[in-house]
Every structure is written in structure tokens, then in C-alpha cells.
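This is input_18.txt (compact mmCIF, C-alpha atoms).
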```txt
# COMPACT_ATOMS: atom_id res chain seq x y z
CA MET V 85 18.87 16.59 -21.23
CA ASN V 86 17.41 15.03 -24.40
CA VAL V 87 17.41 11.36 -23.44
CA GLN V 88 16.46 10.12 -26.90
CA ALA V 89 19.48 11.94 -28.37
CA ASP V 90 21.84 10.29 -25.88
CA PRO V 91 24.00 7.79 -27.82
CA ARG V 92 23.57 5.24 -25.03
CA PHE V 93 19.94 4.82 -26.16
CA ALA V 94 20.62 4.68 -29.90
CA GLY V 95 18.21 2.37 -31.73
CA ILE V 96 15.56 2.31 -29.00
CA VAL V 97 12.20 3.49 -30.32
CA PRO V 98 9.59 5.02 -27.98
CA PHE V 99 6.53 2.87 -27.27
CA SER V 100 3.61 3.88 -29.48
CA SER V 101 1.20 3.19 -26.61
CA LYS V 102 2.17 4.07 -23.05
CA ILE V 103 3.46 1.30 -20.81
CA TRP V 104 1.83 1.98 -17.46
CA LEU V 105 3.09 1.34 -13.96
CA ALA V 106 -0.07 -0.66 -13.21
CA SER V 107 -3.42 -0.20 -14.94
CA PRO V 108 -6.74 -2.05 -14.63
CA THR V 109 -7.14 -5.28 -16.57
CA MET V 110 -10.78 -5.89 -17.48
CA HIS V 111 -12.20 -9.25 -18.59
CA GLY V 112 -15.81 -8.57 -19.62
CA GLY V 113 -17.67 -10.05 -16.68
CA GLU V 114 -17.44 -6.71 -14.89
CA GLN V 115 -19.81 -5.16 -17.43
CA LYS V 116 -22.42 -7.86 -16.83
CA TYR V 117 -22.67 -7.06 -13.12
CA VAL V 118 -22.67 -3.30 -13.70
CA GLU V 119 -25.42 -3.61 -16.28
CA GLU V 120 -27.40 -5.79 -13.88
CA ALA V 121 -27.18 -3.03 -11.26
CA LEU V 122 -28.33 -0.44 -13.79
CA ARG V 123 -31.13 -2.63 -15.17
CA THR V 124 -32.54 -3.39 -11.71
CA ASN V 125 -32.00 0.20 -10.51
CA TRP V 126 -29.78 -0.90 -7.58
CA VAL V 127 -27.08 1.71 -8.16
CA SER V 128 -26.54 3.13 -4.67
CA THR V 129 -25.05 1.59 -1.53
CA VAL V 130 -27.12 -1.60 -1.31
CA GLY V 131 -27.52 -4.47 -3.75
CA ALA V 132 -26.52 -7.98 -4.77
CA ASN V 133 -23.08 -6.96 -6.02
CA ILE V 134 -22.12 -5.60 -2.61
CA ARG V 135 -23.35 -8.72 -0.82
CA GLU V 136 -21.58 -11.08 -3.25
CA ALA V 137 -18.31 -9.11 -3.26
CA GLU V 138 -18.23 -9.06 0.55
CA ALA V 139 -18.87 -12.81 0.66
CA ALA V 140 -16.12 -13.48 -1.88
CA ILE V 141 -13.59 -11.46 0.13
CA GLU V 142 -14.57 -13.31 3.30
CA ARG V 143 -13.98 -16.64 1.56
CA LYS V 144 -10.62 -15.56 0.12
CA THR V 145 -9.13 -13.98 3.23
CA GLY V 146 -10.70 -16.22 5.87
CA ARG V 147 -12.11 -13.31 7.86
CA LYS V 148 -15.65 -13.74 9.14
CA TYR V 149 -16.88 -10.32 8.03
CA ALA V 150 -15.94 -7.98 5.16
CA VAL V 151 -17.55 -4.55 4.99
CA ALA V 152 -17.51 -2.88 1.56
CA LEU V 153 -16.49 0.79 1.73
CA SER V 154 -15.86 3.58 -0.75
CA THR V 155 -12.05 3.44 -0.53
CA GLY V 156 -9.24 1.65 1.25
CA THR V 157 -8.57 4.94 3.04
CA ALA V 158 -12.12 4.93 4.40
CA ALA V 159 -11.58 1.38 5.64
CA LEU V 160 -8.33 2.40 7.34
CA HIS V 161 -10.02 5.37 8.98
CA LEU V 162 -12.82 3.28 10.45
CA ALA V 163 -10.40 0.52 11.49
CA VAL V 164 -8.32 3.08 13.40
CA ARG V 165 -11.44 4.60 14.95
CA LEU V 166 -12.73 1.17 15.95
CA CYS V 167 -9.45 0.25 17.65
CA GLY V 168 -9.28 3.65 19.31
CA GLU V 169 -12.71 3.15 20.86
CA LYS V 170 -11.81 -0.39 21.94
CA LEU V 171 -8.80 1.01 23.77
CA TYR V 172 -10.04 4.33 25.10
CA GLY V 173 -13.84 4.36 24.87
CA ARG V 174 -16.16 6.53 22.80
CA PRO V 175 -14.70 10.04 22.45
CA LYS V 176 -16.36 13.24 23.58
CA ALA V 177 -18.21 15.28 20.97
CA GLY V 178 -15.74 17.09 18.75
CA HIS V 179 -12.84 14.79 19.66
CA GLY V 180 -11.25 11.84 17.87
CA ALA V 181 -10.97 8.34 19.26
CA LEU V 182 -7.20 8.78 19.67
CA GLU V 183 -7.21 12.34 21.02
CA GLY V 184 -3.71 13.05 22.35
CA ARG V 185 -2.57 9.42 21.99
CA ARG V 186 0.48 8.07 20.18
CA VAL V 187 0.24 5.27 17.59
CA PHE V 188 3.09 3.29 16.03
CA CYS V 189 2.90 3.38 12.20
CA SER V 190 4.82 2.03 9.23
CA ASP V 191 7.10 4.77 7.92
CA MET V 192 7.75 3.80 4.29
CA THR V 193 4.22 3.68 2.94
CA PHE V 194 1.53 5.75 1.27
CA GLY V 195 0.08 8.59 3.36
CA ALA V 196 -3.28 6.81 3.66
CA THR V 197 -1.71 4.37 6.14
CA VAL V 198 -0.83 7.14 8.58
CA ASN V 199 -3.39 9.90 7.96
CA PRO V 200 -6.29 8.20 9.81
CA VAL V 201 -4.33 8.51 13.05
CA ALA V 202 -4.39 12.28 12.56
CA TYR V 203 -8.08 12.15 11.58
CA GLU V 204 -8.77 10.68 15.02
CA GLY V 205 -6.64 13.20 16.90
CA GLY V 206 -3.62 10.95 17.49
CA GLU V 207 0.10 11.35 16.84
CA ALA V 208 1.88 8.89 14.57
CA VAL V 209 5.21 7.57 15.84
CA LEU V 210 6.94 6.42 12.66
CA ILE V 211 8.76 3.08 12.76
CA ASP V 212 11.68 2.54 10.39
CA THR V 213 11.88 -0.09 7.66
CA GLU V 214 13.99 -3.25 7.39
CA TYR V 215 15.86 -4.37 4.29
CA ASP V 216 14.56 -7.97 4.19
CA THR V 217 11.01 -7.09 3.07
CA TRP V 218 10.97 -3.25 2.98
CA ASN V 219 8.35 -3.27 5.73
CA MET V 220 8.17 -2.26 9.41
CA ASP V 221 11.28 -3.36 11.31
CA PRO V 222 10.37 -5.46 14.37
CA ALA V 223 13.62 -4.41 16.08
CA ALA V 224 12.68 -0.74 15.65
CA LEU V 225 9.20 -1.53 16.96
CA GLU V 226 10.70 -3.06 20.10
CA LYS V 227 12.82 0.09 20.51
CA ALA V 228 9.69 2.19 20.12
CA PHE V 229 7.93 0.37 22.97
CA ALA V 230 10.97 1.02 25.17
CA LEU V 231 10.70 4.74 24.33
CA TYR V 232 6.89 4.98 24.45
CA PRO V 233 5.60 2.14 26.67
CA GLU V 234 2.12 3.68 26.88
CA VAL V 235 1.32 3.01 23.18
CA ARG V 236 -1.40 0.42 22.55
CA LEU V 237 -2.01 0.58 18.79
CA ILE V 238 0.15 -0.36 15.77
CA VAL V 239 -0.74 0.43 12.13
CA VAL V 240 1.36 -1.79 9.88
CA ALA V 241 1.40 -1.99 6.06
CA HIS V 242 2.52 -4.71 3.64
CA LEU V 243 4.44 -2.78 0.97
CA TYR V 244 4.12 -3.41 -2.77
CA GLY V 245 2.31 -6.72 -2.20
CA THR V 246 5.04 -8.23 0.00
CA PRO V 247 4.07 -9.39 3.51
CA GLY V 248 6.11 -7.89 6.31
CA LYS V 249 7.41 -9.80 9.33
CA ILE V 250 3.91 -9.88 10.70
CA GLY V 251 4.48 -12.89 12.95
CA GLU V 252 7.20 -11.03 14.85
CA ILE V 253 5.13 -7.85 14.94
CA ARG V 254 2.11 -9.71 16.35
CA ALA V 255 4.29 -11.27 19.04
CA ILE V 256 5.62 -7.85 20.05
CA ALA V 257 2.10 -6.41 20.06
CA GLY V 258 0.88 -9.26 22.26
CA LYS V 259 3.70 -8.74 24.73
CA HIS V 260 2.75 -5.08 25.13
CA GLY V 261 -1.03 -5.47 25.00
CA ALA V 262 -1.33 -3.55 21.71
CA LEU V 263 -3.94 -3.86 18.97
CA ILE V 264 -3.02 -3.98 15.27
CA VAL V 265 -4.59 -2.31 12.26
CA GLU V 266 -3.26 -4.28 9.28
CA ASP V 267 -3.01 -2.28 6.05
CA ALA V 268 -3.20 -4.98 3.37
CA ALA V 269 -4.27 -2.45 0.70
CA GLU V 270 -1.44 -3.49 -1.63
CA SER V 271 -1.19 -7.16 -0.67
CA PHE V 272 -4.60 -8.73 -1.40
CA GLY V 273 -3.90 -12.34 -2.37
CA ALA V 274 -0.48 -12.45 -0.69
CA ALA V 275 0.16 -14.86 2.18
CA TYR V 276 2.40 -15.16 5.24
CA LYS V 277 3.13 -18.76 6.32
CA GLY V 278 0.21 -19.87 4.17
CA VAL V 279 -2.27 -17.41 5.74
CA GLN V 280 -3.70 -14.59 3.66
CA THR V 281 -2.75 -11.04 4.55
CA GLY V 282 -5.81 -9.38 6.00
CA MET V 283 -6.02 -12.09 8.67
CA PHE V 284 -3.39 -10.67 11.03
CA GLY V 285 -4.86 -7.45 12.38
CA THR V 286 -7.32 -6.81 15.16
CA GLU V 287 -8.94 -5.04 12.22
CA SER V 288 -7.57 -5.28 8.67
CA VAL V 289 -8.23 -3.53 5.39
CA THR V 290 -7.66 -4.02 1.69
CA SER V 291 -8.05 -1.75 -1.33
CA PHE V 292 -9.52 -2.07 -4.82
CA ASN V 293 -8.25 1.20 -6.25
CA GLY V 294 -7.75 1.37 -10.02
CA ASN V 295 -4.14 0.17 -10.00
CA LYS V 296 -4.47 -2.66 -7.45
CA ILE V 297 -4.14 -6.39 -8.18
CA VAL V 298 -7.94 -6.50 -8.70
CA THR V 299 -10.05 -3.37 -8.87
CA GLY V 300 -13.54 -1.98 -8.50
CA SER V 301 -12.27 1.28 -10.06
CA SER V 302 -12.22 2.38 -6.41
CA GLY V 303 -13.32 0.84 -3.13
CA GLY V 304 -11.95 -1.00 -0.14
CA MET V 305 -13.04 -3.37 2.59
CA LEU V 306 -12.67 -3.55 6.33
CA LEU V 307 -12.03 -7.11 7.52
CA THR V 308 -12.96 -8.25 11.02
CA ASP V 309 -13.94 -11.35 12.96
CA THR V 310 -16.71 -9.95 15.13
CA GLU V 311 -20.25 -9.17 14.04
CA GLU V 312 -20.40 -6.27 16.48
CA ASP V 313 -17.40 -4.58 14.85
CA ALA V 314 -18.81 -5.16 11.36
CA ASN V 315 -22.13 -3.63 12.35
CA ARG V 316 -20.44 -0.64 13.97
CA VAL V 317 -18.52 0.04 10.77
CA ARG V 318 -21.63 -0.35 8.59
CA LYS V 319 -23.44 2.16 10.79
CA TRP V 320 -20.58 4.70 10.80
CA ALA V 321 -20.20 4.36 7.02
CA ALA V 322 -23.90 5.23 6.53
CA GLN V 323 -23.70 8.53 8.46
CA SER V 324 -24.35 6.79 11.80
CA ARG V 325 -28.09 6.84 11.27
CA GLU V 326 -29.97 5.40 14.23
CA ASN V 327 -32.89 2.99 13.99
CA ALA V 328 -35.62 5.67 14.00
CA PRO V 329 -38.31 6.74 11.51
CA TRP V 330 -36.44 10.02 10.91
CA TYR V 331 -32.77 10.81 10.48
CA GLN V 332 -31.46 10.45 14.02
CA HIS V 333 -27.72 10.89 14.66
CA GLU V 334 -26.20 10.22 18.08
CA GLU V 335 -22.54 9.93 17.03
CA LEU V 336 -20.31 11.08 14.20
CA GLY V 337 -20.80 9.31 10.89
CA TYR V 338 -19.39 9.26 7.36
CA ASN V 339 -20.53 8.69 3.80
CA TYR V 340 -18.19 5.74 3.29
CA ARG V 341 -20.28 2.89 1.83
CA MET V 342 -19.30 1.25 -1.49
CA SER V 343 -21.78 1.63 -4.35
CA ASN V 344 -23.40 -1.38 -5.99
CA ILE V 345 -21.87 -0.30 -9.33
CA VAL V 346 -18.31 -0.27 -7.95
CA ALA V 347 -19.04 -3.62 -6.31
CA GLY V 348 -20.17 -4.93 -9.71
CA VAL V 349 -16.78 -4.13 -11.25
CA LEU V 350 -15.06 -5.77 -8.28
CA ARG V 351 -17.33 -8.82 -8.43
CA GLY V 352 -16.35 -9.34 -12.06
CA GLN V 353 -12.64 -8.95 -11.23
CA LEU V 354 -12.37 -11.34 -8.30
CA PRO V 355 -12.39 -14.60 -10.31
CA TYR V 356 -9.20 -13.37 -12.02
CA LEU V 357 -7.15 -12.66 -8.89
CA GLU V 358 -4.88 -15.70 -9.24
CA GLU V 359 -4.40 -15.03 -12.96
CA HIS V 360 -3.37 -11.45 -12.21
CA ILE V 361 -0.93 -12.62 -9.53
CA ALA V 362 0.61 -15.13 -11.94
CA ARG V 363 1.08 -12.43 -14.59
CA LYS V 364 2.62 -10.05 -12.03
CA LYS V 365 4.97 -12.80 -10.85
CA ALA V 366 6.10 -13.38 -14.45
CA VAL V 367 6.83 -9.65 -14.79
CA TYR V 368 8.90 -9.72 -11.59
CA GLU V 369 10.87 -12.77 -12.69
CA ARG V 370 11.58 -11.37 -16.17
CA TYR V 371 13.04 -8.25 -14.55
CA ARG V 372 15.05 -10.32 -12.07
CA ASP V 373 16.55 -12.43 -14.86
CA GLY V 374 16.91 -9.63 -17.42
CA LEU V 375 18.78 -7.30 -15.05
CA LYS V 376 21.34 -9.89 -13.93
CA GLY V 377 24.86 -8.57 -14.10
CA LEU V 378 23.84 -5.02 -13.26
CA PRO V 379 24.61 -3.56 -9.80
CA VAL V 380 20.94 -3.78 -8.80
CA SER V 381 18.56 -6.05 -6.90
CA MET V 382 14.79 -6.55 -6.92
CA ASN V 383 12.44 -5.73 -4.04
CA PRO V 384 12.99 -8.63 -1.63
CA PHE V 385 10.67 -11.05 0.12
CA ASP V 386 11.06 -13.87 2.63
CA GLY V 387 10.64 -16.91 0.40
CA GLU V 388 10.45 -19.30 3.35
CA ASN V 389 7.59 -17.50 5.08
CA SER V 390 5.74 -15.38 2.56
CA THR V 391 4.17 -15.48 -0.88
CA PRO V 392 3.84 -11.99 -2.40
CA ASN V 393 1.21 -10.97 -4.91
CA TYR V 394 3.99 -9.20 -6.87
CA TRP V 395 1.81 -6.09 -7.28
CA LEU V 396 4.75 -3.84 -8.18
CA SER V 397 8.23 -4.86 -9.30
CA CYS V 398 10.83 -2.55 -7.78
CA MET V 399 14.59 -2.18 -8.13
CA LEU V 400 17.32 -1.08 -5.71
CA LEU V 401 20.67 0.21 -6.98
CA ASP V 402 23.88 -0.74 -5.17
CA ARG V 403 25.35 2.23 -3.32
CA SER V 404 28.58 1.94 -5.30
CA ALA V 405 26.63 2.25 -8.57
CA MET V 406 24.84 5.50 -7.73
CA CYS V 407 25.59 8.59 -9.78
CA ARG V 408 25.02 11.96 -8.14
CA GLN V 409 21.37 12.71 -7.45
CA VAL V 410 19.63 15.32 -5.33
CA ARG V 411 15.95 15.73 -4.55
CA GLY V 412 14.16 18.79 -3.24
CA GLU V 413 10.58 18.82 -2.07
CA ARG V 414 9.17 18.73 -5.62
CA GLU V 415 12.09 18.69 -8.04
CA SER V 416 15.22 16.64 -8.58
CA LEU V 417 18.57 16.78 -10.35
CA TYR V 418 21.09 14.13 -11.34
CA ARG V 419 24.39 13.97 -13.18
CA SER V 420 25.19 11.01 -15.44
CA GLU V 421 28.39 9.11 -14.80
CA PRO V 422 29.86 6.27 -16.90
CA GLY V 423 28.99 2.88 -15.43
CA LYS V 424 26.64 4.39 -12.86
CA SER V 425 23.04 5.53 -12.69
CA CYS V 426 20.37 6.61 -10.20
CA PRO V 427 16.59 6.34 -9.85
CA GLU V 428 15.98 9.82 -11.29
CA GLU V 429 18.00 9.05 -14.42
CA ILE V 430 16.25 5.72 -14.97
CA LEU V 431 12.80 7.23 -14.42
CA ALA V 432 13.63 10.05 -16.87
CA ALA V 433 14.80 7.51 -19.46
CA LEU V 434 11.67 5.40 -19.08
CA ALA V 435 9.46 8.48 -19.41
CA ALA V 436 11.32 9.59 -22.55
CA PHE V 437 10.40 6.29 -24.20
CA ASN V 438 6.75 6.43 -23.04
CA ALA V 439 6.93 4.08 -20.05
CA GLU V 440 5.81 4.94 -16.51
CA GLY V 441 7.94 4.28 -13.45
CA ARG V 442 7.70 5.81 -10.00
CA PRO V 443 9.97 6.62 -7.06
CA ILE V 444 9.70 4.39 -4.01
CA TRP V 445 7.21 5.73 -1.44
CA LYS V 446 8.87 8.69 0.23
CA PRO V 447 8.98 7.76 3.93
CA MET V 448 6.51 9.55 6.15
CA HIS V 449 9.23 10.99 8.41
CA MET V 450 10.58 12.85 5.35
CA GLN V 451 7.18 14.33 4.47
CA PRO V 452 6.66 17.97 5.51
CA VAL V 453 3.34 17.14 7.18
CA TYR V 454 4.97 14.51 9.47
CA ARG V 455 8.54 15.78 9.67
CA MET V 456 8.22 16.73 13.34
CA ASN V 457 6.69 13.40 14.40
CA PRO V 458 8.82 10.97 16.39
CA PHE V 459 10.74 8.53 14.18
CA VAL V 460 12.29 5.37 15.63
CA THR V 461 15.02 3.23 14.07
CA ALA V 462 16.53 -0.03 15.22
CA GLY V 463 19.91 1.63 15.71
CA GLY V 464 18.88 4.97 17.18
CA ASP V 465 17.14 6.44 20.20
CA GLY V 466 14.23 8.12 18.47
CA ARG V 467 14.83 10.69 15.75
CA VAL V 468 18.09 10.18 13.83
CA ALA V 469 20.14 12.22 11.37
CA HIS V 470 18.62 11.88 7.90
CA ILE V 471 21.73 10.68 6.09
CA ALA V 472 21.17 7.91 3.54
CA GLY V 473 23.37 4.89 4.09
CA ASN V 474 24.32 5.72 7.69
CA GLY V 475 22.95 2.38 8.84
CA ASP V 476 20.07 3.89 10.78
CA ASP V 477 17.56 5.46 8.40
CA VAL V 478 16.72 2.45 6.24
CA GLY V 479 13.60 3.94 4.69
CA MET V 480 15.45 7.01 3.44
CA ASP V 481 18.18 4.81 1.99
CA ILE V 482 15.69 2.68 0.04
CA PHE V 483 13.89 5.81 -1.15
CA ASP V 484 17.22 7.27 -2.31
CA ARG V 485 18.33 4.18 -4.23
CA GLY V 486 15.06 2.51 -5.27
CA LEU V 487 12.36 2.87 -7.91
CA CYS V 488 9.17 1.14 -9.03
CA LEU V 489 9.40 -0.34 -12.52
CA PRO V 490 6.59 -0.55 -15.08
CA SER V 491 4.59 -3.50 -13.73
CA ASP V 492 1.48 -3.58 -15.86
CA ASN V 493 0.31 -7.16 -16.32
CA LYS V 494 -0.62 -6.43 -19.95
CA MET V 495 2.99 -5.81 -20.96
CA THR V 496 4.29 -8.31 -23.48
CA PRO V 497 7.68 -9.98 -22.94
CA GLY V 498 8.89 -7.91 -25.91
CA ASP V 499 7.76 -4.69 -24.21
CA GLN V 500 9.58 -5.70 -21.06
CA ASP V 501 12.75 -6.56 -23.01
CA ILE V 502 12.81 -2.96 -24.28
CA ILE V 503 12.37 -1.59 -20.76
CA ILE V 504 15.24 -3.79 -19.58
CA GLN V 505 17.34 -2.49 -22.49
CA ILE V 506 16.60 1.11 -21.47
CA ILE V 507 17.65 0.37 -17.88
CA ARG V 508 20.84 -1.36 -19.01
CA SER V 509 21.68 1.60 -21.25
CA CYS V 510 21.54 3.91 -18.23
CA PHE V 511 24.61 2.12 -16.81
CA ASP V 512 26.70 2.41 -20.02
```
Represent the structure contained in this file as C-alpha cells.
Amino acid sequence: MNVQADPRFAGIVPFSSKIWLASPTMHGGEQKYVEEALRTNWVSTVGANIREAEAAIERKTGRKYAVALSTGTAALHLAVRLCGEKLYGRPKAGHGALEGRRVFCSDMTFGATVNPVAYEGGEAVLIDTEYDTWNMDPAALEKAFALYPEVRLIVVAHLYGTPGKIGEIRAIAGKHGALIVEDAAESFGAAYKGVQTGMFGTESVTSFNGNKIVTGSSGGMLLTDTEEDANRVRKWAAQSRENAPWYQHEELGYNYRMSNIVAGVLRGQLPYLEEHIARKKAVYERYRDGLKGLPVSMNPFDGENSTPNYWLSCMLLDRSAMCRQVRGERESLYRSEPGKSCPEEILAALAAFNAEGRPIWKPMHMQPVYRMNPFVTAGGDGRVAHIAGNGDDVGMDIFDRGLCLPSDNKMTPGDQDIIIQIIRSCFD
């Protein structure tokens, strides 16, 4: 279908420059710190930028130790390994720290949240989502402990910059003697009951990938409160080299340390965190107000208990307003209907006018690689029929009806007005 030829979109002109979902916003200070690293020849995995960036993250989050790593995924991997060894001891050679063990994981998230469990030889038990915040459902987590009482580790993510019900999840974990890996990759700068995300896990992580609220172009940090844990992670991230005059390795290691150049970009970004959050909040509120009257709602948050960082603005269509849409593993189809729309139609319309949107994270239990893993909902007894809207599979329902809107903090209000006009036209 030629969207631009559709009379519903008459008069709308494509953007001359692409409107991105979320792109880096540089301020100039980043270059100063990068050039300093180049000028002093500290370009590898040690240097002042790394030390200063770690200290800044410690001050912001309140954690005692931040360890700068190459990616948020690397931080998640080492956090999972650390918790696995706390629970089960150092693994045998050739085995992971979770060999043969089950771990409860957020279901509607990016694969990096769940993959480290597999890296360490464990099996992810996927916990369904709740509608209030689009994060792990505490009621489903309680059901999971009834089904799998032996589990002692939970990996929980805060989706799209919105804190989940982490107070309830911590209480459940405490009751069952479980540790928590907190995936705050998307929620740096967000808070739950006035406390920064990143403070709630036994070990926590955040990410500075290119599209995050602040960026190092890549990079992540593991956040912990014990010096011993921080030192373990630093050692693992540097190939587990022992204190010997030659390269001595007595356990498995990784090349996971952040470079001083990446840390320089991050160091220059950090002073602008609150400015970026304010811009993202303005984007969210302009969508919320501009889409009033349509059969849609914005991604929710608990205003009494949490303060999001508004990283991505997302939209959920009412079930009654959905036109027919079908998705295969890699392709999709939809059929337009007067007065109705669907995520695939809206995403196609945005793309036709040079704006980037994205589907909601496809839940892990729907992914081919994890399709046979246990999946627990609040209303079921383990795996449930994958029928959107049946009241059980919340994550699939949100994936079916939701989409991420262009959320770049460099959009002008005029740019956003055009995007809102495109979305409105889809329902004509």
C-alpha cells in the first residue's frame, strides 16, 4: 500500500531529515574528555574518564561501587554470574554458575535481560507482565514461587524508563530467600519512592548504549554495595588475570572493561541527565495531550510511587479500535478499517513520512529461542494459551496492541505535531 497516496494523509509532507526513535544528543563537553584521553594516550581500559564516570554514577544512584564495563549486557552477565556464585558456589571448569538451575526473569523485555541466565547454564522461567507499569507482575511472581519453590534468583527489568513494582518484588524475594539482579538499563535517572533505580538489586546494572537517556556510544555499569563484589567483577572483566608477573588465569574471565574513550563520552553526557529527562517528559506529555480523543493510552506509570525517566513514549490501542493485524516470525500484514487502526499500520505510516517507530518488545516467551521455557501468569498454572486479550497473557496483549513512538529529545513541537497528525489520520 502506498501510504503517501492514501487520501487520509493528504497534505502531510515527509520529514526532510529523519525523526529517530531515540538518538544521541551531544553537547560538546564529550569531545573535551575524549581529546584528553587521546592527548594523554590513555585510550584503553584505564584512565581518569573511567574513574570519574564511575564516581559520578555512584553519586547519582547511591550505590557504593560502580564498575564500568563495555556494555549493559556485559554488566548483566557478570551480575548474574556473581549472584549464581553467591547462591551455589564457584562452578566446576566448563560449567556456568547456574548450571541446571531455574531463574525467574521479566518476560516483556529485551533479550539481554534473559540471555545471561543461559550464558551461565541456567533456565529462565518467564514471568508475565502487569498492565499498571508494563513490568514484572508481582502476582505472577508469587505464583511462580508456588510452582518452583527451589528458585533463588530473580532478574527484573524496568521497561522503557518506568520503574516496576520493585517494592513488592523485593518483599516477595525476601520471603523466599531470593537474590535480585535489577536491570535498570533503560531507567537510569528514574526513581521508585524517591530512590533511584539501580539501588534495589542485590546487584544492579545500567546501560549507556547509543539510544539511552545518556550515552557513552556504548557501555554499561554494574552497581553494588560491597567492595568484594566490585573487585570480583573488575577481575572477571579483565580476563580474570591473577596477581602474578605473567598472565596467570585460575578462573574464567572476559574482555568486558569499558574504554577510557567511551568513558569520556559518558563523562561529558552525565551533567545533562536531568535536562534529557525533562525533554523526554515534554515529549511524553505532548503525545498524551495531542492524542486525546483517540481510542489509545500512553505507557503507564505509578505516579504515587515512581518517577520515570520517560526514555521512550509508547502507545496502546484500545482492543475495540484494532483493525485486523497478523504477525509472523519476521513479517506482518494488516487491513485498514474506517475508524480503526493497529500498530503495524501506524508504524508503516510513520516510516512512509520518514519517522522511526518500533513495536513493543516482543515477550521472551514468544521468541523462538525461549518458546519452550516455562512461562507463568497471574491467572494460569504455568504455560498458558497464547491468545491476546484472554486475560492471562498480558505481555502478548501489550505487544499486539502497543508501539513505541518517535521519542527523540531533539524533535521540535512542530515535528511532534506532524507525527500526531499522522497517527490521527490512521484512525480516519
Worksheet entry | Computed interatomic separation between atom CA of V:Ala196 and atom CA of V:Met495 (Å) | 28.4 Å
Worksheet entry | Non-local contacts of stretch 126-143 of chain V (6 Å; all atoms listed in the file; under 2 positions in same chain excluded) as an MDAnalysis selection string | chainID V and resid 121 124 145:148 150 341:345 347:348 351
Worksheet entry | Contact residues around V:Val164 with all atoms listed in the file at 9 Å, ignoring same-chain residues under 5 positions, as a ChimeraX atom specification | /V:159,169,181-182,200-201,204,237,239,265,287
Worksheet item: Quick one: residues within 7 Å of V:Cys398, all atoms listed in the file counted, chain neighbours fewer than 6 positions away excluded, as a ChimeraX atom specification?
Response: /V:382-383,487-489
Limited to C-alpha atoms, could you put the picked residues into a file as an mmCIF file, in the coordinates of the input?
```
data_model
loop_
_atom_site.group_PDB
_atom_site.id
_atom_site.type_symbol
_atom_site.label_atom_id
_atom_site.label_comp_id
_atom_site.auth_asym_id
_atom_site.auth_seq_id
_atom_site.Cartn_x
_atom_site.Cartn_y
_atom_site.Cartn_z
ATOM 1 C CA MET V 382 14.790 -6.550 -6.920
ATOM 2 C CA ASN V 383 12.440 -5.730 -4.040
ATOM 3 C CA LEU V 487 12.360 2.870 -7.910
ATOM 4 C CA CYS V 488 9.170 1.140 -9.030
ATOM 5 C CA LEU V 489 9.400 -0.340 -12.520
#
```
Discussion item. Would you pick out the contacts of V:Leu105 at 9 Å or less, using only C-alpha atoms, so that residues sharing its chain but fewer than 2 positions from it are not included, and give the list as a list in words?
Written reply: Ile103, Ser107, Asn295, Leu396, Ala439, Glu440, Gly441, Arg442, Cys488, Leu489, Pro490, Ser491 and Asp492 of chain V
Item to complete: Could you tell me how far atom CA of V:Phe188 lies from atom CA of V:Ile444, in Å and to one decimal?
Response: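 If I compute the distance from atom CA of V:Phe188 to atom CA of V:Ile444, I get 21.1 Å.
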Fill in: Pick from V:Ser381, V:Ser509, V:Thr308, V:Ser420 nearest to V:Gly486, counting all atoms listed in the file
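Closest residue, counting all atoms listed in the file: V:Ser381.
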Item to complete: For V:Arg419, list every protein, DNA or RNA residue within 9 Å, evaluated using all atoms listed in the file, and leave out those in the same chain fewer than 4 positions away; present the list as a list in words.
Response: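 Answer for this query is Cys407, Arg408, Gln409, Ser425, Cys426 and Glu429 of chain V.
Among the candidates V:Val317, V:Leu350, V:Ala322, V:Leu171, the residue lying nearest to V:Lys116 is V:Leu350 (atoms considered: only C-alpha atoms).
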Worksheet entry | Interatomic distance, atom CA of V:Ala262 to atom CA of V:Gly184 (Å, one decimal) |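 One can read the atom CA of V:Ala262 to atom CA of V:Gly184 distance as 16.8 Å.
Closest approach to V:Ser271 from the set V:Thr391, V:Gln323, V:Thr286, V:Thr197 is made by V:Thr391, with distances taken over all atoms listed in the file.
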Worksheet entry | Nearest to V:Ala432, chosen from V:Gln88, V:Gly112, V:Lys446, V:Met283, with only C-alpha atoms counted in the distances |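 Going through V:Gln88, V:Gly112, V:Lys446, V:Met283 one by one, the smallest distance to V:Ala432 is for V:Gln88.
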Practice prompt. Determine the nearest neighbour of V:His161 from the options V:Asp484, V:Gly195, V:Glu358, V:Trp218, counting only C-alpha atoms.
Written response: V:Gly195
Worksheet item: For V:Val240, which residue out of V:Val349, V:Ala274, V:Cys189, V:Ile297 is the nearest one, using all atoms listed in the file?
Response: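 Under the stated criterion, the closest residue is V:Cys189.
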Output stretch 404-424 of chain V from the block with C-alpha atoms, as a JSON list (two decimals), in the first residue's frame?
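As a result, part-v8.json now contains:
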```json
[["chain", "number", "residue", "atom", "x", "y", "z"],
["V", 404, "SER", "CA", -12.19, -2.19, 20.23],
["V", 405, "ALA", "CA", -10.15, 0.13, 17.98],
["V", 406, "MET", "CA", -7.90, -2.56, 16.50],
["V", 407, "CYS", "CA", -8.12, -3.30, 12.79],
["V", 408, "ARG", "CA", -7.07, -6.75, 11.63],
["V", 409, "GLN", "CA", -3.36, -7.42, 12.03],
["V", 410, "VAL", "CA", -1.29, -10.59, 11.88],
["V", 411, "ARG", "CA", 2.40, -11.09, 12.60],
["V", 412, "GLY", "CA", 4.61, -13.98, 11.57],
["V", 413, "GLU", "CA", 8.13, -14.51, 12.82],
["V", 414, "ARG", "CA", 9.58, -11.77, 10.58],
["V", 415, "GLU", "CA", 6.74, -10.27, 8.56],
["V", 416, "SER", "CA", 3.34, -8.76, 9.24],
["V", 417, "LEU", "CA", 0.09, -7.89, 7.49],
["V", 418, "TYR", "CA", -2.79, -5.59, 8.35],
["V", 419, "ARG", "CA", -6.03, -4.46, 6.77],
["V", 420, "SER", "CA", -7.22, -0.87, 7.19],
["V", 421, "GLU", "CA", -10.70, -0.31, 8.57],
["V", 422, "PRO", "CA", -12.54, 3.02, 8.93],
["V", 423, "GLY", "CA", -12.23, 4.39, 12.46],
["V", 424, "LYS", "CA", -9.73, 1.72, 13.47]]
```
